[in-house]
$ cat entry_13.cif   # mmCIF, C-alpha atoms
data_model
loop_
_atom_site.label_atom_id
_atom_site.label_comp_id
_atom_site.auth_asym_id
_atom_site.auth_seq_id
_atom_site.Cartn_x
_atom_site.Cartn_y
_atom_site.Cartn_z
CA MET A 196 0.00 0.00 0.00
CA SER A 197 1.42 3.32 -0.99
CA ALA A 198 1.32 6.38 1.20
CA THR A 199 2.43 9.94 0.72
CA LYS A 200 4.77 11.34 3.33
CA ARG A 201 3.32 14.39 5.01
CA PRO A 202 5.48 17.50 5.35
CA ARG A 203 6.97 18.24 8.74
CA PRO A 204 4.48 20.32 10.76
CA ASN A 205 5.19 24.02 11.15
CA ALA A 206 3.97 25.94 14.19
CA ILE A 207 2.48 28.82 12.19
CA ASP A 208 0.97 26.71 9.43
CA THR A 209 -2.58 26.20 10.62
CA LYS A 210 -3.13 23.22 8.34
CA SER A 211 -0.31 21.36 10.07
CA PHE A 212 -2.23 21.49 13.38
CA TYR A 213 -5.13 19.63 11.86
CA PRO A 214 -4.01 17.02 9.29
CA SER A 215 -6.65 16.02 6.74
CA PRO A 216 -8.47 12.91 7.98
CA LYS A 217 -8.12 9.65 6.10
CA GLU A 218 -10.81 7.09 5.50
CA PRO A 219 -10.28 4.38 8.12
CA ILE A 220 -8.82 1.15 6.80
CA SER A 221 -9.86 -2.05 8.52
CA PRO A 222 -7.09 -4.51 9.40
CA SER A 223 -8.59 -7.11 7.05
CA LYS A 224 -8.24 -4.81 4.06
CA ARG A 225 -4.63 -3.83 4.71
CA SER A 226 -2.07 -5.17 2.27
CA PRO A 227 0.24 -7.88 3.57
CA ILE A 228 3.59 -6.48 4.71
CA THR A 229 6.88 -8.18 3.98
CA PRO A 230 10.44 -6.91 4.34
CA THR A 231 10.60 -6.54 0.56
CA SER A 232 7.36 -4.55 0.11
CA ARG A 233 8.01 -1.85 -2.43
CA TYR A 234 6.63 1.15 -0.61
CA VAL A 235 7.51 0.24 2.98
CA ALA A 236 10.84 1.15 4.54
CA LYS A 237 12.52 0.34 7.82
CA SER A 238 13.26 3.25 10.11
CA VAL A 239 16.95 4.11 10.00
CA LYS A 240 17.07 5.34 13.57
CA PHE A 241 14.52 3.11 15.30
CA TRP A 242 15.10 -0.39 13.98
CA TYR A 243 16.65 -2.23 16.90
CA PRO A 244 18.24 -5.61 16.03
CA ASP A 245 17.06 -7.04 19.37
CA GLY A 246 13.62 -5.41 19.22
CA ASN A 247 10.65 -7.74 19.63
CA VAL A 248 7.72 -5.87 18.06
CA VAL A 249 7.24 -4.02 14.77
CA ILE A 250 5.06 -0.90 14.51
CA ARG A 251 3.95 0.53 11.20
CA VAL A 252 3.34 4.29 10.92
CA GLU A 253 2.38 5.44 7.45
CA SER A 254 4.92 3.70 5.18
CA THR A 255 7.67 3.24 7.79
CA LEU A 256 8.35 0.24 10.03
CA PHE A 257 9.83 0.54 13.52
CA LYS A 258 11.33 -2.42 15.37
CA LEU A 259 11.05 -1.56 19.03
CA TYR A 260 10.84 -3.00 22.53
CA ARG A 261 7.36 -4.17 23.40
CA SER A 262 7.72 -3.72 27.15
CA ARG A 263 8.93 -0.12 26.79
CA LEU A 264 6.05 0.84 24.52
CA ALA A 265 3.53 -0.77 26.83
CA GLN A 266 5.07 0.90 29.88
CA TYR A 267 4.77 4.45 28.55
CA CYS A 268 1.91 4.33 26.03
CA ARG A 269 -1.50 3.05 27.14
CA HIS A 270 -2.53 2.62 23.52
CA PHE A 271 0.17 0.03 22.88
CA ALA A 272 -0.45 -1.66 26.22
CA ASN A 273 -4.08 -2.15 25.17
CA ILE A 274 -3.37 -3.55 21.72
CA PHE A 275 -0.67 -5.87 23.05
CA GLU A 276 -3.22 -7.18 25.54
CA GLY A 277 -5.73 -7.62 22.73
CA GLN A 278 -8.13 -4.93 24.00
CA ASP A 279 -7.79 -2.83 20.82
CA ASN A 280 -7.61 -4.18 17.30
CA GLY A 281 -4.20 -3.14 16.00
CA ALA A 282 -2.61 -6.46 15.13
CA SER A 283 -2.15 -7.23 11.43
CA GLY A 284 -1.64 -10.98 11.70
CA THR A 285 1.67 -10.52 9.89
CA GLN A 286 5.16 -11.07 11.23
CA ILE A 287 8.36 -9.27 10.26
CA GLU A 288 11.60 -11.15 10.97
CA GLY A 289 9.63 -13.37 13.30
CA HIS A 290 8.05 -10.52 15.28
CA PRO A 291 4.39 -9.41 15.24
CA LEU A 292 3.44 -6.35 13.20
CA TYR A 293 1.04 -3.77 14.62
CA HIS A 294 -0.44 -0.77 12.86
CA ALA A 295 -0.37 2.61 14.57
CA PRO A 296 -3.76 4.34 14.84
CA GLU A 297 -4.99 6.12 11.75
CA GLY A 298 -4.04 9.79 11.74
CA LEU A 299 -0.75 9.41 13.60
CA ILE A 300 1.84 11.47 11.72
CA LEU A 301 5.18 9.81 11.02
CA GLU A 302 7.26 12.79 12.17
CA ASP A 303 5.22 13.06 15.36
CA PHE A 304 5.87 9.42 16.22
CA GLU A 305 9.59 9.83 15.54
CA GLN A 306 9.72 12.81 17.89
CA LEU A 307 7.92 10.82 20.58
CA LEU A 308 10.37 7.93 20.22
CA THR A 309 13.27 10.38 20.47
CA ALA A 310 11.88 11.66 23.77
CA LEU A 311 11.32 8.15 25.12
CA GLU A 312 14.49 6.50 23.89
CA THR A 313 16.93 9.40 24.37
CA PRO A 314 15.43 11.61 27.10
CA LEU A 315 18.66 13.58 27.51
CA THR A 316 17.95 15.12 24.11
CA PHE A 317 15.46 17.50 25.66
CA SER A 318 17.00 17.85 29.10
CA ALA A 319 19.85 20.03 27.85
CA SER A 320 17.87 21.75 25.11
CA PRO A 321 14.10 22.02 25.58
CA PRO A 322 11.99 21.17 22.54
CA THR A 323 11.09 23.96 20.17
CA GLN A 324 7.47 24.93 19.72
CA SER A 325 7.02 22.83 16.58
CA VAL A 326 8.60 19.80 18.27
CA ALA A 327 6.47 20.28 21.39
CA ILE A 328 3.36 20.36 19.20
CA SER A 329 4.44 17.14 17.48
CA LEU A 330 5.07 15.50 20.85
CA LEU A 331 1.69 16.56 22.19
CA ARG A 332 -0.20 15.27 19.17
CA ALA A 333 1.49 11.89 19.28
CA ALA A 334 1.30 11.58 23.07
CA HIS A 335 -2.39 12.43 23.02
CA MET A 336 -3.14 9.83 20.35
CA LEU A 337 -1.07 7.11 22.02
CA SER A 338 -2.02 7.99 25.62
CA CYS A 339 1.59 8.62 26.62
CA ASN A 340 1.23 10.65 29.81
CA ILE A 341 4.91 11.32 30.46
CA ILE A 342 5.37 12.96 27.05
CA LEU A 343 2.00 14.66 27.30
CA THR A 344 3.19 16.40 30.47
CA LEU A 345 6.55 17.33 28.91
CA SER A 346 4.99 18.86 25.80
CA LYS A 347 2.26 20.75 27.66
CA ASP A 348 4.74 22.19 30.13
CA ARG A 349 6.97 23.33 27.29
CA LEU A 350 4.15 25.06 25.41
CA CYS A 351 2.99 26.72 28.62
CA THR A 352 6.54 28.03 29.06
CA ILE A 353 6.72 29.37 25.51
CA TRP A 354 3.28 31.00 25.85
CA ASP A 355 3.84 32.01 29.45
CA SER A 356 0.63 33.33 30.99
CA ARG A 357 1.94 33.66 34.53
CA SER A 358 3.55 37.09 34.12
CA PRO A 359 3.11 39.93 31.61
CA PRO A 360 5.37 40.28 28.58
CA ARG A 361 8.30 42.56 29.34
CA PRO A 362 9.78 45.40 27.31
CA HIS A 363 12.94 44.33 25.50
CA SER A 364 14.70 47.61 24.80
CA SER A 365 18.18 48.27 26.10
CA LEU A 366 16.92 50.95 28.48
CA ALA A 367 14.33 48.69 30.08
CA LEU A 368 16.93 45.96 30.51
CA LEU A 369 19.33 48.38 32.16
CA LEU A 370 16.68 49.74 34.50
CA SER A 371 15.66 46.23 35.52
CA SER A 372 19.23 45.44 36.65
CA THR A 373 19.41 47.22 39.99
CA ASP A 374 23.03 46.25 40.54
CA GLN A 375 23.99 48.49 37.61
CA LEU A 376 22.18 51.53 38.99
CA CYS A 377 23.70 54.52 40.73
CA PRO A 378 22.55 58.13 40.83
CA THR A 379 24.97 59.15 38.08
CA ALA A 380 24.79 55.96 36.02
CA ARG A 381 25.11 56.47 32.26
CA LEU A 382 22.62 54.91 29.84
CA SER A 383 24.67 52.31 28.02
CA ARG A 384 23.56 49.59 25.66
CA PRO A 385 23.72 46.11 27.25
CA ASP A 386 25.37 43.29 25.39
CA PRO A 387 22.77 42.19 22.82
CA ASP A 388 23.95 38.60 23.07
CA SER A 389 23.21 38.47 26.79
CA HIS A 390 19.83 40.15 26.42
CA PRO A 391 18.32 38.91 23.15
CA ALA A 392 15.04 40.52 22.13
CA SER A 393 12.35 38.12 21.02
CA ALA A 394 9.84 39.37 18.49
CA PRO A 395 6.17 38.81 19.29
CA PRO A 396 4.55 35.92 17.41
CA THR A 397 2.47 36.61 14.32
CA TYR A 398 -1.29 36.77 14.68
CA ALA A 399 -1.63 33.64 12.48
CA GLU A 400 0.53 31.73 14.94
CA ALA A 401 -1.46 33.03 17.92
CA VAL A 402 -4.77 32.04 16.32
CA SER A 403 -3.40 28.58 15.56
CA ILE A 404 -2.21 28.18 19.14
CA VAL A 405 -5.67 29.14 20.44
CA LEU A 406 -7.32 26.50 18.24
CA PHE A 407 -4.69 23.91 19.11
CA ALA A 408 -4.98 24.62 22.85
CA ARG A 409 -8.73 24.16 22.77
CA GLN A 410 -8.47 20.92 20.84
CA TYR A 411 -5.94 19.43 23.25
CA ALA A 412 -7.15 20.92 26.56
CA LEU A 413 -4.27 23.34 27.07
CA PRO A 414 -5.81 26.39 28.80
CA GLY A 415 -2.47 27.57 30.17
CA VAL A 416 -1.44 29.13 26.86
CA LEU A 417 -4.68 30.93 26.02
CA LYS A 418 -4.18 34.15 27.97
CA ARG A 419 -0.82 34.90 26.34
CA ALA A 420 -2.04 33.88 22.89
CA PHE A 421 -5.09 36.13 23.16
CA TYR A 422 -2.97 39.03 24.38
CA GLU A 423 -0.73 38.67 21.34
CA LEU A 424 -3.86 39.06 19.21
CA LEU A 425 -5.04 42.04 21.25
CA ALA A 426 -1.68 43.79 20.69
CA SER A 427 -1.34 42.91 17.00
CA PRO A 428 -2.30 45.66 14.51
CA PRO A 429 -2.06 43.17 11.59
CA PHE A 430 -4.67 41.00 13.36
CA TRP A 431 -7.17 43.85 13.60
CA ALA A 432 -6.46 44.89 10.02
CA ALA A 433 -7.03 41.33 8.81
CA LEU A 434 -10.23 41.13 10.81
CA VAL A 435 -11.58 44.26 9.12
CA ALA A 436 -10.44 43.11 5.68
CA ASP A 437 -11.98 39.63 5.85
CA ARG A 438 -13.69 38.32 8.98
CA ARG A 439 -13.90 34.83 7.47
CA GLN A 440 -10.13 34.30 7.56
CA ILE A 441 -10.05 34.67 11.36
CA ARG A 442 -11.12 31.27 12.70
CA LEU A 443 -12.29 32.44 16.11
CA HIS A 444 -15.75 32.53 17.66
CA GLU A 445 -17.73 35.76 17.75
CA ASP A 446 -17.59 35.70 21.54
CA ASP A 447 -13.79 35.58 21.39
CA LEU A 448 -13.70 38.65 19.16
CA LEU A 449 -16.14 40.61 21.31
CA ARG A 450 -14.11 39.91 24.44
CA LEU A 451 -10.92 40.91 22.61
CA TYR A 452 -12.51 44.20 21.51
CA ASN A 453 -13.55 44.98 25.08
CA ALA A 454 -10.23 43.93 26.64
CA ARG A 455 -8.29 46.08 24.19
CA TYR A 456 -10.46 49.13 24.95
CA VAL A 457 -10.17 48.73 28.74
CA LEU A 458 -6.40 48.16 28.60
CA GLN A 459 -5.78 51.11 26.30
CA GLN A 460 -7.75 53.42 28.57
CA ALA A 461 -5.75 52.22 31.58
CA TRP A 462 -2.49 52.85 29.70
CA ARG A 463 -3.48 56.38 28.65
CA ALA A 464 -4.25 57.24 32.25
CA ALA A 465 -1.09 55.71 33.71
CA ALA A 466 1.61 56.65 31.20
CA PRO A 467 1.92 60.35 32.15
CA CYS A 468 1.69 59.74 35.89
CA VAL A 469 4.93 60.19 37.82
CA PRO A 470 5.50 58.79 41.33
CA ASP A 471 6.89 60.99 44.09
CA PRO A 472 10.66 60.68 44.37
CA ASP A 473 12.13 58.38 46.96
CA LYS A 474 14.33 60.88 48.78
CA LYS A 475 16.30 58.09 50.45
CA LYS A 476 17.99 57.38 47.13
CA GLY A 477 19.71 60.77 47.01
CA HIS A 478 19.08 61.90 43.43
CA ALA A 479 22.62 63.24 43.25
CA SER A 480 22.67 64.19 39.56
CA PRO A 481 23.01 67.98 39.23
CA ALA A 482 20.58 67.91 36.30
CA CYS A 483 17.96 65.96 38.20
CA ASN A 484 14.54 67.54 38.59
CA ALA A 485 13.64 65.40 41.61
CA TYR A 486 13.17 68.42 43.90
CA PHE A 487 11.83 70.77 41.28
CA PRO A 488 8.44 72.05 42.59
CA GLY A 489 6.74 71.41 39.27
CA ARG A 490 8.40 68.02 38.77
CA THR A 491 5.18 66.05 38.20
CA ASP A 492 3.67 68.58 35.83
CA ALA A 493 6.94 68.92 33.91
CA LEU A 494 7.31 65.19 33.36
CA ARG A 495 3.65 64.79 32.47
CA ALA A 496 3.96 67.57 29.87
CA MET A 497 7.11 65.94 28.51
CA VAL A 498 5.36 62.58 28.07
CA LEU A 499 2.23 64.02 26.50
CA GLY A 500 4.32 66.16 24.18
CA SER A 501 6.52 63.26 23.11
CA GLY A 502 3.81 61.61 21.02
CA LEU A 503 4.54 58.25 22.67
CA VAL A 504 1.30 57.65 24.55
CA GLU A 505 -0.81 56.52 21.60
CA PRO A 506 1.83 54.17 20.12
CA GLY A 507 2.15 52.62 23.58
CA ALA A 508 -1.59 51.98 23.73
CA VAL A 509 -1.18 49.39 20.98
CA ASP A 510 0.88 47.10 23.23
CA PRO A 511 0.80 48.50 26.78
CA LEU A 512 2.46 45.50 28.41
CA ARG A 513 5.46 45.47 26.09
CA TYR A 514 5.88 49.08 25.00
CA ASP A 515 8.92 50.81 26.49
CA LEU A 516 7.92 54.40 26.99
CA LEU A 517 11.22 55.52 28.51
CA ALA A 518 13.25 54.23 25.60
CA GLY A 519 11.21 56.39 23.25
CA LEU A 520 12.20 59.63 24.97
CA GLY A 521 14.97 61.63 23.39
CA GLU A 522 18.40 61.87 24.98
CA GLU A 523 17.95 65.52 25.86
CA GLU A 524 14.69 64.76 27.62
CA ARG A 525 16.22 61.92 29.63
CA LYS A 526 19.13 64.12 30.76
CA LYS A 527 16.68 66.15 32.81
CA TRP A 528 16.21 63.21 35.15
CA CYS A 529 18.67 61.07 37.06
CA MET A 530 18.63 57.30 36.94
CA TRP A 531 16.68 57.11 40.18
CA CYS A 532 13.87 59.22 38.72
CA LEU A 533 13.69 57.03 35.65
CA LYS A 534 13.89 53.90 37.78
CA ASP A 535 11.00 55.10 39.98
CA TRP A 536 8.96 55.77 36.87
CA GLU A 537 9.78 52.40 35.33
CA ASP A 538 8.93 50.61 38.58
CA ALA A 539 5.58 52.39 38.75
CA LEU A 540 4.74 51.34 35.19
CA GLY A 541 5.90 47.82 36.00
CA GLU A 542 3.48 47.59 38.92
CA LYS A 543 0.69 48.87 36.70
CA ARG A 544 1.46 46.19 34.13
CA LYS A 545 1.12 43.49 36.78
CA VAL A 546 -2.29 44.87 37.73
CA TRP A 547 -3.37 45.00 34.08
CA TRP A 548 -2.17 41.45 33.47
CA ARG A 549 -4.26 40.16 36.37
CA MET A 550 -7.17 42.26 35.14
CA LEU A 551 -7.07 40.43 31.80
CA ASP A 552 -8.03 37.19 33.55
CA ASN A 553 -11.61 38.47 33.60
CA LEU A 554 -11.51 40.22 30.24
CA LEU A 555 -9.94 37.74 27.82
CA PRO A 556 -11.51 34.44 26.71
CA SER A 557 -10.39 31.68 29.06
CA GLN A 558 -11.56 28.41 27.48
#

$ encode --input "entry_13.cif" --output "structure tokens"
Amino acid sequence: MSATKRPRPNAIDTKSFYPSPKEPISPSKRSPITPTSRYVAKSVKFWYPDGNVVIRVESTLFKLYRSRLAQYCRHFANIFEGQDNGASGTQIEGHPLYHAPEGLILEDFEQLLTALETPLTFSASPPTQSVAISLLRAAHMLSCNIILTLSKDRLCTIWDSRSPPRPHSSLALLLSSTDQLCPTARLSRPDPDSHPASAPPTYAEAVSIVLFARQYALPGVLKRAFYELLASPPFWAALVADRRQIRLHEDDLLRLYNARYVLQQAWRAAAPCVPDPDKKKGHASPACNAYFPGRTDALRAMVLGSGLVEPGAVDPLRYDLLAGLGEEERKKWCMWCLKDWEDALGEKRKVWWRMLDNLLPSQ
């Protein structure tokens, strides 16, 4: 029986999340398999000479250890015990041949075997998003709980919903490192290799993750995925251009509209607000306006006049307002003033992130 090899799944290709279903093939109608079958090949990596069971996935045969498969995958434990019909009645090199369930993708099964047979592969280097998706699909289909946990934890780390996204500019990174701060500290660019900036995901990827998470009961990624949609101008433009291309429920879109409005209003109110200076820190810079009587009004006017408030409303949790100020404007304030301001915005972001629990879709 011939079969066409599917392309390796890609995290932002929505079709790869949901492979086209095949018409089920009953065991009695499957073609006999022999080592010389024209369109069937042995796995190069997973054909163990001392293996005692053969598994067919698509057009590839795997010679593996029966006890290991049964230990970690409930699906195989059931078919080996005769509870599920997966046996073909054929033997390869004297060992029984079993067919994997219909719909299992070859590349997904290979990733799952890599995790089971060589677990150190992912201990030093966690799986990428596309690999984690492959692992989850295969583990879900084969009832492999240990890999299911690994893949879900990894995706929840990538789409971290526990804390808000952080600004990635050099100024924000410097201000977040308190050991580098002193009243006269100079704004210097941190080493880009030690502080890599990660670009937000595309809206197509975020939509795909939402659909994938709902299919595989992965609520831990939804908050971050929905925020990436909320803060994506291309998403809103695509929604206006053609609603049909956005595969989300109407309720999801209504909640996103409302969450964006509430968050933008909170940002516009908070961005120009300046906390009172902490006089314990000294504010030793001669150019510092910490004790200037009109300090609050002066900084508020500077922010409103900078034209940075509205751009920041697009992505309030990630936008770095301080980095957008000109050098001359920043020279009016010492590092402690800027740090107080950044800390105040940071606290606001934590409040907004918690607020989104009740605003964004959750399931």

$ closest_residue --input "entry_13.cif" --among "A:Ala310, A:Cys532, A:Pro511, A:Gln558" --to "A:Val416" --atoms "all atoms listed in the file"
A:Gln558

$ closest_residue --input "entry_13.cif" --among "A:Asn340, A:Gln440, A:Ser501, A:Ser329" --to "A:Phe304" --atoms "all atoms listed in the file"
A:Ser329

$ resolve_selection --input "entry_13.cif" --expression "the PyMOL selection byres ((chain A and resi 397) around 9)" --output "list in words"
Ile207, Ala394, Pro395, Pro396, Tyr398, Ala399, Glu400, Ala401, Val402, Glu423, Leu424, Ser427, Pro429 and Phe430 of chain A

$ write_last_selection --input "entry_13.cif" --atoms "C-alpha atoms" --output "mmCIF file, in the frame of the given file"
data_model
loop_
_atom_site.group_PDB
_atom_site.id
_atom_site.type_symbol
_atom_site.label_atom_id
_atom_site.label_comp_id
_atom_site.auth_asym_id
_atom_site.auth_seq_id
_atom_site.Cartn_x
_atom_site.Cartn_y
_atom_site.Cartn_z
ATOM 1 C CA ILE A 207 2.480 28.820 12.190
ATOM 2 C CA ALA A 394 9.840 39.370 18.490
ATOM 3 C CA PRO A 395 6.170 38.810 19.290
ATOM 4 C CA PRO A 396 4.550 35.920 17.410
ATOM 5 C CA TYR A 398 -1.290 36.770 14.680
ATOM 6 C CA ALA A 399 -1.630 33.640 12.480
ATOM 7 C CA GLU A 400 0.530 31.730 14.940
ATOM 8 C CA ALA A 401 -1.460 33.030 17.920
ATOM 9 C CA VAL A 402 -4.770 32.040 16.320
ATOM 10 C CA GLU A 423 -0.730 38.670 21.340
ATOM 11 C CA LEU A 424 -3.860 39.060 19.210
ATOM 12 C CA SER A 427 -1.340 42.910 17.000
ATOM 13 C CA PRO A 429 -2.060 43.170 11.590
ATOM 14 C CA PHE A 430 -4.670 41.000 13.360
#

$ residues_around --input "entry_13.cif" --residues "A:Val252" --least-positions-apart "3" --cutoff "6 Å" --atoms "only C-alpha atoms" --output "VMD selection string"
chain A and resid 255 295 301

$ atom_distance --input "entry_13.cif" --atom1 "atom CA of A:His335" --atom2 "atom CA of A:Cys351"
16.3 Å

$ atom_distance --input "entry_13.cif" --atom1 "atom CA of A:Leu555" --atom2 "atom CA of A:Trp536"
27.6 Å

$ resolve_selection --input "entry_13.cif" --expression "the PyMOL selection byres ((chain A and resi 408) around 12)" --output "ChimeraX atom specification"
/A:212,328,331-332,346-347,350-351,354,400-407,409-421,557-558

$ residues_around --input "entry_13.cif" --residues "A:Gly541" --least-positions-apart "3" --cutoff "10 Å" --atoms "all atoms listed in the file" --output "list of chain:residue names"
A:Pro359, A:Arg361, A:Pro362, A:Ser371, A:Leu512, A:Asp535, A:Trp536, A:Glu537, A:Asp538, A:Arg544, A:Lys545, A:Val546, A:Trp547

$ closest_residue --input "entry_13.cif" --among "A:Phe317, A:Phe241, A:Trp548, A:Tyr267" --to "A:Ile341" --atoms "only C-alpha atoms"
A:Tyr267

$ atom_distance --input "entry_13.cif" --atom1 "atom CA of A:Gln460" --atom2 "atom CA of A:Cys529"
28.8 Å

$ residues_around --input "entry_13.cif" --residues "A:Val249" --least-positions-apart "4" --cutoff "10 Å" --atoms "only C-alpha atoms" --output "ChimeraX atom specification"
/A:237,242-243,256-261,285-294

$ resolve_selection --input "entry_13.cif" --expression "the PyMOL selection byres ((chain A and resi 510) around 10)" --output "PyMOL selection string"
chain A and resi 360+362+422-423+425-428+455+458-459+462+505-509+511-515

$ residues_around --input "entry_13.cif" --residues "A:Val498" --least-positions-apart "4" --cutoff "10 Å" --atoms "only C-alpha atoms" --output "NGL selection string"
:A and (466-468 or 492-494 or 502-504 or 516-517 or 519-520 or 524)

$ write_last_selection --input "entry_13.cif" --atoms "C-alpha atoms" --output "PDB file, in the frame of the given file"
ATOM      1  CA  ALA A 466       1.610  56.650  31.200  1.00  0.00           C
ATOM      2  CA  PRO A 467       1.920  60.350  32.150  1.00  0.00           C
ATOM      3  CA  CYS A 468       1.690  59.740  35.890  1.00  0.00           C
ATOM      4  CA  ASP A 492       3.670  68.580  35.830  1.00  0.00           C
ATOM      5  CA  ALA A 493       6.940  68.920  33.910  1.00  0.00           C
ATOM      6  CA  LEU A 494       7.310  65.190  33.360  1.00  0.00           C
ATOM      7  CA  GLY A 502       3.810  61.610  21.020  1.00  0.00           C
ATOM      8  CA  LEU A 503       4.540  58.250  22.670  1.00  0.00           C
ATOM      9  CA  VAL A 504       1.300  57.650  24.550  1.00  0.00           C
ATOM     10  CA  LEU A 516       7.920  54.400  26.990  1.00  0.00           C
ATOM     11  CA  LEU A 517      11.220  55.520  28.510  1.00  0.00           C
ATOM     12  CA  GLY A 519      11.210  56.390  23.250  1.00  0.00           C
ATOM     13  CA  LEU A 520      12.200  59.630  24.970  1.00  0.00           C
ATOM     14  CA  GLU A 524      14.690  64.760  27.620  1.00  0.00           C
TER      15      GLU A 524
END

$ residues_near_point --input "entry_13.cif" --point "(-17.4, 36.5, 13.9)" --cutoff "12 Å" --atoms "all atoms listed in the file" --output "PyMOL selection string"
chain A and resi 434-435+437-452

$ residues_near_point --input "entry_13.cif" --point "(16.9, 26.9, 30.5)" --cutoff "12 Å" --atoms "all atoms listed in the file" --output "list of chain:residue names"
A:Phe317, A:Ser318, A:Ala319, A:Ser320, A:Pro321, A:Pro322, A:Arg349, A:Thr352, A:Ile353

$ closest_residue --input "entry_13.cif" --among "A:Ala465, A:Glu305, A:Pro296, A:Leu264" --to "A:Val239" --atoms "all atoms listed in the file"
A:Glu305

$ build_atoms --input "entry_13.cif" --residues "stretch 396-410 of chain A" --atoms "N, CA and C atoms" --output "mmCIF file, keeping the file's coordinate frame"
data_model
loop_
_atom_site.group_PDB
_atom_site.id
_atom_site.type_symbol
_atom_site.label_atom_id
_atom_site.label_comp_id
_atom_site.auth_asym_id
_atom_site.auth_seq_id
_atom_site.Cartn_x
_atom_site.Cartn_y
_atom_site.Cartn_z
ATOM 1 N N PRO A 396 5.003 36.843 18.456
ATOM 2 C CA PRO A 396 4.550 35.920 17.410
ATOM 3 C C PRO A 396 3.586 36.609 16.463
ATOM 4 N N THR A 397 3.436 36.063 15.276
ATOM 5 C CA THR A 397 2.470 36.610 14.320
ATOM 6 C C THR A 397 1.060 36.280 14.787
ATOM 7 N N TYR A 398 0.096 37.036 14.268
ATOM 8 C CA TYR A 398 -1.290 36.770 14.680
ATOM 9 C C TYR A 398 -1.757 35.408 14.166
ATOM 10 N N ALA A 399 -1.257 34.962 12.997
ATOM 11 C CA ALA A 399 -1.630 33.640 12.480
ATOM 12 C C ALA A 399 -1.170 32.543 13.431
ATOM 13 N N GLU A 400 0.024 32.714 13.988
ATOM 14 C CA GLU A 400 0.530 31.730 14.940
ATOM 15 C C GLU A 400 -0.293 31.742 16.222
ATOM 16 N N ALA A 401 -0.662 32.936 16.698
ATOM 17 C CA ALA A 401 -1.460 33.030 17.920
ATOM 18 C C ALA A 401 -2.836 32.410 17.735
ATOM 19 N N VAL A 402 -3.463 32.650 16.583
ATOM 20 C CA VAL A 402 -4.770 32.040 16.320
ATOM 21 C C VAL A 402 -4.636 30.515 16.289
ATOM 22 N N SER A 403 -3.601 30.027 15.633
ATOM 23 C CA SER A 403 -3.400 28.580 15.560
ATOM 24 C C SER A 403 -3.183 27.970 16.935
ATOM 25 N N ILE A 404 -2.445 28.673 17.785
ATOM 26 C CA ILE A 404 -2.210 28.180 19.140
ATOM 27 C C ILE A 404 -3.514 28.136 19.930
ATOM 28 N N VAL A 405 -4.368 29.136 19.754
ATOM 29 C CA VAL A 405 -5.670 29.140 20.440
ATOM 30 C C VAL A 405 -6.475 27.909 20.025
ATOM 31 N N LEU A 406 -6.560 27.649 18.724
ATOM 32 C CA LEU A 406 -7.320 26.500 18.240
ATOM 33 C C LEU A 406 -6.708 25.193 18.707
ATOM 34 N N PHE A 407 -5.397 25.114 18.668
ATOM 35 C CA PHE A 407 -4.690 23.910 19.110
ATOM 36 C C PHE A 407 -4.909 23.670 20.602
ATOM 37 N N ALA A 408 -4.818 24.739 21.394
ATOM 38 C CA ALA A 408 -4.980 24.620 22.850
ATOM 39 C C ALA A 408 -6.373 24.136 23.207
ATOM 40 N N ARG A 409 -7.367 24.595 22.479
ATOM 41 C CA ARG A 409 -8.730 24.160 22.770
ATOM 42 C C ARG A 409 -8.952 22.717 22.344
ATOM 43 N N GLN A 410 -8.314 22.296 21.280
ATOM 44 C CA GLN A 410 -8.470 20.920 20.840
ATOM 45 C C GLN A 410 -7.822 19.936 21.804
#
